[in-house]
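The structure appears right after this line, and notes come after that.
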Amino acid sequence: MNDKSDHLPPDWPTDEAAAHAVQDELRGRVILDEPGPAPGAPLVAVGVDVAYDDERDVVVAAAVALDARTLEVLEEATAVGRVAFPYVPGLLAFREIPTVLAALDRLAVTPGLLVCDGYGLAHPRRFGLASHLGVLTGLPSIGVAKNPFVFRYQDPGPRRGDSAPLLDGAEEVGRALRTRTGVKPVFVSVGHRVSLDTACAQVLALTRGYRLPETTRAADSLCRRALAAETGSVPPGAE
DNA sequence: GCGACAG
DNA sequence: ATCTTGTCGC
């Protein structure tokens with residue numbers, strides 16, 4: 001009755017130096033010169049997210065495929081794994097990616113765009129979660145974060161669609177994008193095979209009535225429910 | 001050296 | 001991320 005698995009490659013990094021080396025190697029495979037999926041065209045947008053039970057070192061990943069035009073849910077998948085790395089700002093991907101990949105593998109549809117929680121290019125080493133996931137899957141990917149991380153920005157205009165550069169010094173690493181009038185912006189950055197303009201347009205197309213895109217809302221909701229199903233009914237300490 | 005710091 | 005009740009508002 002226990003289909004829990006670790007999903008860890010044998011060479012998965014266990015310390016920061018090894019993780020940095022992986023980032024440095026994979027960063028060279030990021031593709032930045034593709035515009036990415038055109039907004040308004042048929043597209044399977046897949047939201048991915050994870051939830052943790054730190055007590056048991058359990059992580060649950062969810063991947064939810066939506067029709068980007070209707071926002072209809074096409075398919076859902078989850079996977080359960082062990083936490084693969086401690087939380088270190090800048091190394092988030094090493095915590096989440098093994099289990100996220102397992103969830104994506106369980107999807108029958110082919111994603112046209114991955115929408116991740118967190119960042120892609122907007123990263124101290126220019127290789128955040130969305131970049132990492134994009135390179136490993138070969139799929140177009142973007143990052144949508146709720147916080148500006150270590151970066152600065154001027155407040156965008158007040159209306160939905162208004163945006164301002166997300167800056168690392170003078171370099172634009174992403175965009176603060178207002179998805180709802182009068183509400184705090186989200187922070188969008190490029191992952192793999194998508195331009196920043198396309199990333200922002202897709203985020204707006206995937207957002208209806210809430211600050212966050214429906215892809216991330218659906219994935220967040222699913223992984224929380226799956227985590228509760230996985231651990232909620234089991235007393236702590238029970239193996 | 002100390003704090004800040006996506007999720 | 002996660003710990004957590006009620007409450008104000010459309």
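Residues are named by chain letter and number: chains run A, B, ... in the order of the structure tokens, numbers start at 1 in each chain, and ligands are numbered from 1 in the order shown.
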**OP:** Residues of chain A no more than 6 Å from chain B, counting only C-alpha atoms (C1' of nucleotides): send them over as an MDAnalysis selection string.
**Re:** chainID A and resid 89 118 149
**OP:** If you run DSSP over the backbone, which residues in stretch 115-159 of chain A end up strand (DSSP E or B)? Put them as a list in words.
**Re:** Val115, Cys116, Asp117, Ser141, Ile142, Gly143, Val144, Ala145, Arg152 and Tyr153 of chain A
Mind writing the picked residues with N, CA, C and O atoms as a PDB file, in the first residue's frame?
ATOM      1  N   VAL A 115       4.257  26.374 -16.030  1.00  0.00           N
ATOM      2  CA  VAL A 115       4.164  27.568 -15.188  1.00  0.00           C
ATOM      3  C   VAL A 115       4.564  27.178 -13.760  1.00  0.00           C
ATOM      4  O   VAL A 115       3.858  26.418 -13.103  1.00  0.00           O
ATOM      5  N   CYS A 116       5.718  27.700 -13.323  1.00  0.00           N
ATOM      6  CA  CYS A 116       6.279  27.304 -12.035  1.00  0.00           C
ATOM      7  C   CYS A 116       6.070  28.380 -10.982  1.00  0.00           C
ATOM      8  O   CYS A 116       5.981  29.564 -11.293  1.00  0.00           O
ATOM      9  N   ASP A 117       6.030  27.949  -9.730  1.00  0.00           N
ATOM     10  CA  ASP A 117       6.086  28.877  -8.603  1.00  0.00           C
ATOM     11  C   ASP A 117       7.540  29.288  -8.437  1.00  0.00           C
ATOM     12  O   ASP A 117       8.416  28.433  -8.390  1.00  0.00           O
ATOM     13  N   SER A 141       9.134  27.092 -20.396  1.00  0.00           N
ATOM     14  CA  SER A 141       8.780  27.262 -18.986  1.00  0.00           C
ATOM     15  C   SER A 141       8.927  28.716 -18.564  1.00  0.00           C
ATOM     16  O   SER A 141       9.757  29.463 -19.096  1.00  0.00           O
ATOM     17  N   ILE A 142       8.105  29.091 -17.592  1.00  0.00           N
ATOM     18  CA  ILE A 142       8.208  30.431 -17.009  1.00  0.00           C
ATOM     19  C   ILE A 142       8.056  30.317 -15.486  1.00  0.00           C
ATOM     20  O   ILE A 142       7.529  29.319 -14.981  1.00  0.00           O
ATOM     21  N   GLY A 143       8.524  31.346 -14.791  1.00  0.00           N
ATOM     22  CA  GLY A 143       8.365  31.386 -13.348  1.00  0.00           C
ATOM     23  C   GLY A 143       7.439  32.532 -12.963  1.00  0.00           C
ATOM     24  O   GLY A 143       7.535  33.636 -13.509  1.00  0.00           O
ATOM     25  N   VAL A 144       6.542  32.265 -12.034  1.00  0.00           N
ATOM     26  CA  VAL A 144       5.653  33.290 -11.491  1.00  0.00           C
ATOM     27  C   VAL A 144       5.791  33.248  -9.973  1.00  0.00           C
ATOM     28  O   VAL A 144       5.413  32.257  -9.348  1.00  0.00           O
ATOM     29  N   ALA A 145       6.357  34.329  -9.408  1.00  0.00           N
ATOM     30  CA  ALA A 145       6.618  34.349  -7.974  1.00  0.00           C
ATOM     31  C   ALA A 145       5.737  35.373  -7.271  1.00  0.00           C
ATOM     32  O   ALA A 145       5.289  36.348  -7.869  1.00  0.00           O
ATOM     33  N   ARG A 152      14.768  44.386  -7.136  1.00  0.00           N
ATOM     34  CA  ARG A 152      14.098  45.660  -6.918  1.00  0.00           C
ATOM     35  C   ARG A 152      13.180  45.966  -8.095  1.00  0.00           C
ATOM     36  O   ARG A 152      13.397  45.497  -9.200  1.00  0.00           O
ATOM     37  N   TYR A 153      12.177  46.782  -7.803  1.00  0.00           N
ATOM     38  CA  TYR A 153      11.298  47.202  -8.892  1.00  0.00           C
ATOM     39  C   TYR A 153      10.570  48.477  -8.504  1.00  0.00           C
ATOM     40  O   TYR A 153      10.346  48.737  -7.327  1.00  0.00           O
TER      41      TYR A 153
END
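Near A:Phe94, within a cut-off of 8 Å and counting only C-alpha atoms (C1' of nucleotides), sit the residues Pro13, Ala19, Ala84 and Phe85 of chain A, with same-chain residues fewer than 6 positions away left out.
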**OP:** Taking only C-alpha atoms (C1' of nucleotides) into account, report as a PyMOL selection string which residues of chain A lie within 10 Å of chain C.
**Re:** chain A and resi 50-54+87
Would you put the residues from that selection into a file with C-alpha atoms, as a compact mmCIF listing (two decimals), in the first residue's frame?
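selection13.txt, freshly written:
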# COMPACT_ATOMS: atom_id res chain seq x y z
CA VAL A 50 4.62 21.24 -4.27
CA ALA A 51 3.55 20.97 -0.64
CA TYR A 52 5.72 19.76 2.21
CA ASP A 53 5.37 17.83 5.40
CA ASP A 54 8.67 18.69 7.01
CA TYR A 87 15.62 24.90 1.83
Subject >> DSSP helix (DSSP H, G or I) selection over stretch 146-206 of chain A, as a ChimeraX atom specification >> reply: /A:196-205
Take the residues that were just selected and, keeping C-alpha atoms, output them as a PDB file, in the first residue's frame.
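Final file, again25.pdb:
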ATOM      1  CA  LEU A 196       9.686  37.793 -21.293  1.00  0.00           C
ATOM      2  CA  ASP A 197       6.960  39.500 -23.331  1.00  0.00           C
ATOM      3  CA  THR A 198       5.339  36.161 -24.099  1.00  0.00           C
ATOM      4  CA  ALA A 199       5.701  35.052 -20.489  1.00  0.00           C
ATOM      5  CA  CYS A 200       3.829  38.123 -19.270  1.00  0.00           C
ATOM      6  CA  ALA A 201       1.153  37.786 -21.943  1.00  0.00           C
ATOM      7  CA  GLN A 202       0.596  34.165 -21.000  1.00  0.00           C
ATOM      8  CA  VAL A 203       0.405  35.009 -17.311  1.00  0.00           C
ATOM      9  CA  LEU A 204      -2.299  37.560 -18.058  1.00  0.00           C
ATOM     10  CA  ALA A 205      -4.148  35.080 -20.256  1.00  0.00           C
TER      11      ALA A 205
END
Can you check which parts of stretch 26-77 of chain A lie within 12 Å of stretch 129-137 of chain A? Per residue, the shortest pair of atoms and distance in Å to one decimal, counting only C-alpha atoms, sorted by chain and number, as a tab-separated table.
residue	atom	partner	partner_atom	distance
A:Leu26	CA	A:Val135	CA	7.1
A:Arg27	CA	A:Ser131	CA	7.8
A:Gly28	CA	A:Val135	CA	9.4
A:Arg29	CA	A:Val135	CA	6.5
A:Val30	CA	A:Val135	CA	6.0
A:Ile31	CA	A:Val135	CA	8.3
A:Leu32	CA	A:Ser131	CA	10.2
A:Gly47	CA	A:Ala130	CA	11.2
A:Val48	CA	A:Ala130	CA	10.0
A:Asp49	CA	A:Leu129	CA	10.9
Subject >> For atom CA of A:Val100 and atom CA of A:Ala62, the interatomic separation in Å (one decimal) >> reply: 6.9 Å
